[in-house]
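Read through the structure below, which is laid out as structure tokens, and then see the notes.
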Amino acid sequence: MLEVKNISKTFNPGTVNEVNALQNISFKLEEGSFVCVLGTNGSGKSTMLNAVAGAFEVDTGSISLKGQDITQWSENKRAALVGRVFQNPFSGTAPNMSIRENLALASRRGLIRGLSWGLSQSLIREFKERVKPLNMGLEDRLENPIGKLSGGQRQVLTLLMATWLQPELLLLDEHTAALDPKTAALVIALTDKIVQKDKLTTLMVTHSMQQAVNLGNRVIMMHRGQIAYDFNEDDKRRLKVNDLLSLFDELRRKDQIDMGVMELVINEYV
Ligand SMILES: Nc1ncnc2c1ncn2[C@@H]1O[C@H](COP(=O)(O)OP(=O)(O)O)[C@@H](O)[C@H]1O
Ligand SMILES: [Mg+2]
């Protein structure tokens with residue numbers, strides 16, 4: 001379904017700011033799998049999602065989706081198959097435009113794929129029906145500028161727009177990290193409902209071990225631009241928050257040892 005083969009990405013190569021953000025990463029996602037991606041800050045989670053979405057060209061490797069090699073596809077072309085929601089509630093929407101205008105724009109540029117202007121009335125009716133049960137008042141705010149909505153309302157809107165016509169792949173990058181716990185829980189519940197209902201193949205980056213334990217059927221833990229652990233469905237069923245915490249500790253300890261070794265080496269040369 002999604003196959004990532006040996007992808008690497010180095011930012012600012014050959015400079016003092018060189019970062020090997022992705023180091024020869026490979027994985028396959030079965031159709032309908034819901035993967036939680038964990039990892040320390042800077043471990044390459046966002047870069048991995050961005051590589052799949054086509055935000056930049058990878059240095060090595062290939063990416064295929066539904067059997068098509070999309071490695072050379074532009075981000076725009078991939079957007080027809082890939083839905084995305086970021087941490088920043090402003091991404092993916094135009095802040096000065098109303099909900100109604102954003103929906104219309106999304107439908108025109110193919111974000112809500114296949115819907116033409118003529119269908120926008122039924123689109124708006126369906127939108128209202130879908131947001132009403134959330135009790136966030138979104139159904140009464142169609143003329144409101146997106147910028148005036150709360151972070152939670154914006155994330156719900158972006159999530160609905162990203163998943164409206166069942167993308168082949170859904171990429172969520174800490175999409176609840178900027179929200180208060182109650183709103184985050186609501187957006188997570190909606191995410192789970194949508195992903196389950198439409199059996200969407202999903203990569204969800206989260207910093208919440210609890211979310212990683214509760215949601216989806218696979219957990220990938222990244223570290224220094226590589227996949228450090230990959231728990232399949234059976235392993236994941238047994239996985240507890242404490243197990244994940246110990247693995248994080250272990251990786252951190254390894255880092256500290258490596259840093260210590262570096263210092264020793266540096267000291268030897270000065
Ligand atoms: N556009 C970029 N230019 C330079 N460095 C980047 C860029 N994007 C990410 N990085 C670096 O790549 C590493 C991985 O970043 P990122 O994928 O954002 O980590 P994560 O999402 O796991 O916190 C970090 O060291 C980060 O500073
Ligand atoms: Mg990130």
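Going by the structure tokens order, chains are called A, B, ..., each with residues numbered from 1, while ligands are numbered from 1 in the order shown.
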
Can you pull out every residue with an atom within 8 Å of ligand 2? Use only C-alpha atoms and all ligand atoms and format it as number ranges by chain. A: 41-42, 44-47, 173-174, 205

Limited to N, CA and C atoms, could you put the picked residues into a file as a PDB file, in the first residue's frame?
ATOM      1  N   ASN A  41      12.290  14.556  20.382  1.00  0.00           N
ATOM      2  CA  ASN A  41      12.355  15.754  19.546  1.00  0.00           C
ATOM      3  C   ASN A  41      13.535  15.655  18.600  1.00  0.00           C
ATOM      4  N   GLY A  42      13.285  15.951  17.339  1.00  0.00           N
ATOM      5  CA  GLY A  42      14.379  15.954  16.374  1.00  0.00           C
ATOM      6  C   GLY A  42      14.764  14.578  15.860  1.00  0.00           C
ATOM      7  N   GLY A  44      13.233  12.870  13.649  1.00  0.00           N
ATOM      8  CA  GLY A  44      12.965  12.738  12.213  1.00  0.00           C
ATOM      9  C   GLY A  44      11.521  12.402  11.853  1.00  0.00           C
ATOM     10  N   LYS A  45      10.616  12.492  12.841  1.00  0.00           N
ATOM     11  CA  LYS A  45       9.222  12.120  12.597  1.00  0.00           C
ATOM     12  C   LYS A  45       8.579  13.012  11.531  1.00  0.00           C
ATOM     13  N   SER A  46       8.694  14.329  11.731  1.00  0.00           N
ATOM     14  CA  SER A  46       8.084  15.254  10.768  1.00  0.00           C
ATOM     15  C   SER A  46       8.761  15.140   9.411  1.00  0.00           C
ATOM     16  N   THR A  47      10.078  14.974   9.431  1.00  0.00           N
ATOM     17  CA  THR A  47      10.806  14.852   8.163  1.00  0.00           C
ATOM     18  C   THR A  47      10.333  13.618   7.400  1.00  0.00           C
ATOM     19  N   ASP A 173       0.457  15.017  11.958  1.00  0.00           N
ATOM     20  CA  ASP A 173       1.714  15.334  12.643  1.00  0.00           C
ATOM     21  C   ASP A 173       1.439  16.108  13.927  1.00  0.00           C
ATOM     22  N   GLU A 174       1.356  15.380  15.032  1.00  0.00           N
ATOM     23  CA  GLU A 174       1.067  15.978  16.350  1.00  0.00           C
ATOM     24  C   GLU A 174      -0.101  16.948  16.243  1.00  0.00           C
ATOM     25  N   VAL A 205       1.816  10.944  13.973  1.00  0.00           N
ATOM     26  CA  VAL A 205       2.890  11.280  14.907  1.00  0.00           C
ATOM     27  C   VAL A 205       2.263  11.825  16.173  1.00  0.00           C
TER      28      VAL A 205
END

Please report, as a ChimeraX atom specification, each residue of stretch 1-195 of chain A to which DSSP assigns strand (DSSP E or B) when run on this structure's backbone. /A:2-11,19-29,34-39,60-65,68-69,82-85,98,145,169-173

Test item: residues no farther than 10 Å from ligand 1, counting only C-alpha atoms and all ligand atoms, as a ChimeraX atom specification: /A:9-13,17-22,37-51,55-56,173-174,205-207,221-225

Contacts of stretch 69-83 of chain A within 8 Å, only C-alpha atoms, excl. fewer than 4 positions in-chain, as a list in words: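 Counting only the stated atoms, we get Ala53, Gly54, Ala55, Phe56, Glu57, Ser62, Ile63, Ser64, Leu65, Gly110, Leu111, Arg113, Ala162, Thr163, Pro167, Glu168, Leu169, Leu170 and Leu171 of chain A.
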
Please determine, counting only C-alpha atoms, which residue among A:Arg154, A:Lys28, A:Arg84, A:Lys236 has the shortest atom-to-atom distance to A:Lys66. A:Lys28

Residues of stretch 143-191 of chain A in helix (DSSP H, G or I) according to DSSP, as a list of chain:residue names?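 The residues of stretch 143-191 of chain A classed as helix (DSSP H, G or I) are A:Ile146, A:Gly147, A:Lys148, A:Gly151, A:Gly152, A:Gln153, A:Arg154, A:Gln155, A:Val156, A:Leu157, A:Thr158, A:Leu159, A:Leu160, A:Met161, A:Ala162, A:Thr163, A:Pro181, A:Lys182, A:Thr183, A:Ala184, A:Ala185, A:Leu186, A:Val187, A:Ile188, A:Ala189, A:Leu190, A:Thr191.
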
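In this structure, atom CA of A:Phe27 sits 8.2 Å away from atom CA of A:Leu2.
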
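When the distance limit is 12 Å and only C-alpha atoms are what count, the residues near A:Asn242, minus those fewer than 3 positions from it on the same chain, are Met209, Gln210, Ala212, Val213, Arg238, Leu239, Leu245, Ser246, Leu247, Phe248 and Asp249 of chain A.
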
Pick out the residues sitting within 7 Å of stretch 176-182 of chain A, and hand them over as a PyMOL selection string; count only C-alpha atoms, and ignore anything fewer than 2 positions along from it in its own chain. chain A and resi 87+151-152+174+184-187

Dump C-alpha atoms for the selected residues as an mmCIF file, in the first residue's frame?
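result_27.cif was written with the following content:
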data_model
loop_
_atom_site.group_PDB
_atom_site.id
_atom_site.type_symbol
_atom_site.label_atom_id
_atom_site.label_comp_id
_atom_site.auth_asym_id
_atom_site.auth_seq_id
_atom_site.Cartn_x
_atom_site.Cartn_y
_atom_site.Cartn_z
ATOM 1 C CA GLN A 87 0.240 20.625 14.682
ATOM 2 C CA GLY A 151 -7.510 25.924 17.786
ATOM 3 C CA GLY A 152 -9.766 22.911 18.355
ATOM 4 C CA GLU A 174 1.067 15.978 16.350
ATOM 5 C CA ALA A 184 -7.246 17.173 22.269
ATOM 6 C CA ALA A 185 -9.285 14.201 23.506
ATOM 7 C CA LEU A 186 -12.226 15.280 21.378
ATOM 8 C CA VAL A 187 -10.097 15.660 18.234
#

Between atom CA of A:Ile99 and atom CA of A:Arg125, distance in Å (one decimal):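 Computed distance, atom CA of A:Ile99 to atom CA of A:Arg125, equals 12.8 Å.
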
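Straight-line separation from atom CA of A:Gln196 to atom CA of A:Phe34: 8.8 Å.
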
Leaving out A:Cys36 and any residue of its chain fewer than 5 positions from it, which residues lie within 8 Å of it when counting only C-alpha atoms, given as JSON, numbers by chain? {"A": [203, 204, 205, 206, 212, 215, 216, 218, 219, 220]}

Dump as a compact mmCIF listing (two decimals), in the first residue's frame, selection limited to N, CA and C atoms:
# COMPACT_ATOMS: atom_id res chain seq x y z
N LEU A 203 -0.67 7.43 9.19
CA LEU A 203 0.54 7.60 9.99
C LEU A 203 0.28 8.78 10.92
N MET A 204 0.25 8.53 12.21
CA MET A 204 -0.04 9.59 13.16
C MET A 204 1.14 9.80 14.11
N VAL A 205 1.82 10.94 13.97
CA VAL A 205 2.89 11.28 14.91
C VAL A 205 2.26 11.82 16.17
N THR A 206 2.70 11.32 17.31
CA THR A 206 2.19 11.82 18.59
C THR A 206 3.31 11.81 19.62
N ALA A 212 -0.53 6.42 21.79
CA ALA A 212 0.12 5.36 21.00
C ALA A 212 -0.33 3.97 21.47
N LEU A 215 -4.46 3.80 20.49
CA LEU A 215 -4.95 3.94 19.12
C LEU A 215 -4.14 3.11 18.14
N GLY A 216 -4.81 2.71 17.06
CA GLY A 216 -4.12 2.11 15.93
C GLY A 216 -3.67 0.68 16.16
N ARG A 218 -0.30 -0.40 15.17
CA ARG A 218 1.16 -0.56 15.04
C ARG A 218 1.81 0.68 15.64
N VAL A 219 2.97 0.49 16.23
CA VAL A 219 3.72 1.63 16.78
C VAL A 219 5.13 1.61 16.23
N ILE A 220 5.54 2.75 15.68
CA ILE A 220 6.92 2.89 15.22
C ILE A 220 7.59 3.93 16.11

Excluding A:Gly61 and any residue of its chain fewer than 6 positions from it, enumerate the residues within 8 Å of it, using only C-alpha atoms, and give them as a list of chain:residue names.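 Here the qualifying residues turn out to be A:Val4, A:Lys5, A:Asn6, A:Ile7, A:Ser8, A:Asn24.
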
Please dump the current selection as a compact mmCIF listing (two decimals), in the first residue's frame; keep N, CA and C atoms.
# COMPACT_ATOMS: atom_id res chain seq x y z
N VAL A 4 7.96 2.53 1.63
CA VAL A 4 9.08 3.46 1.72
C VAL A 4 10.34 2.62 1.72
N LYS A 5 11.23 2.89 0.77
CA LYS A 5 12.41 2.03 0.62
C LYS A 5 13.68 2.87 0.68
N ASN A 6 14.46 2.63 1.73
CA ASN A 6 15.81 3.23 1.84
C ASN A 6 15.85 4.74 1.64
N ILE A 7 14.91 5.47 2.23
CA ILE A 7 14.97 6.92 2.03
C ILE A 7 15.90 7.59 3.03
N SER A 8 16.64 8.57 2.53
CA SER A 8 17.55 9.36 3.36
C SER A 8 17.33 10.83 3.04
N ASN A 24 18.34 6.15 5.71
CA ASN A 24 18.05 4.86 5.10
C ASN A 24 16.83 4.17 5.71

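If only C-alpha atoms are the atoms counted, then among A:Ile194, A:Thr183, A:Ile124, A:Ser98 the closest residue to A:Met136 is A:Thr183.
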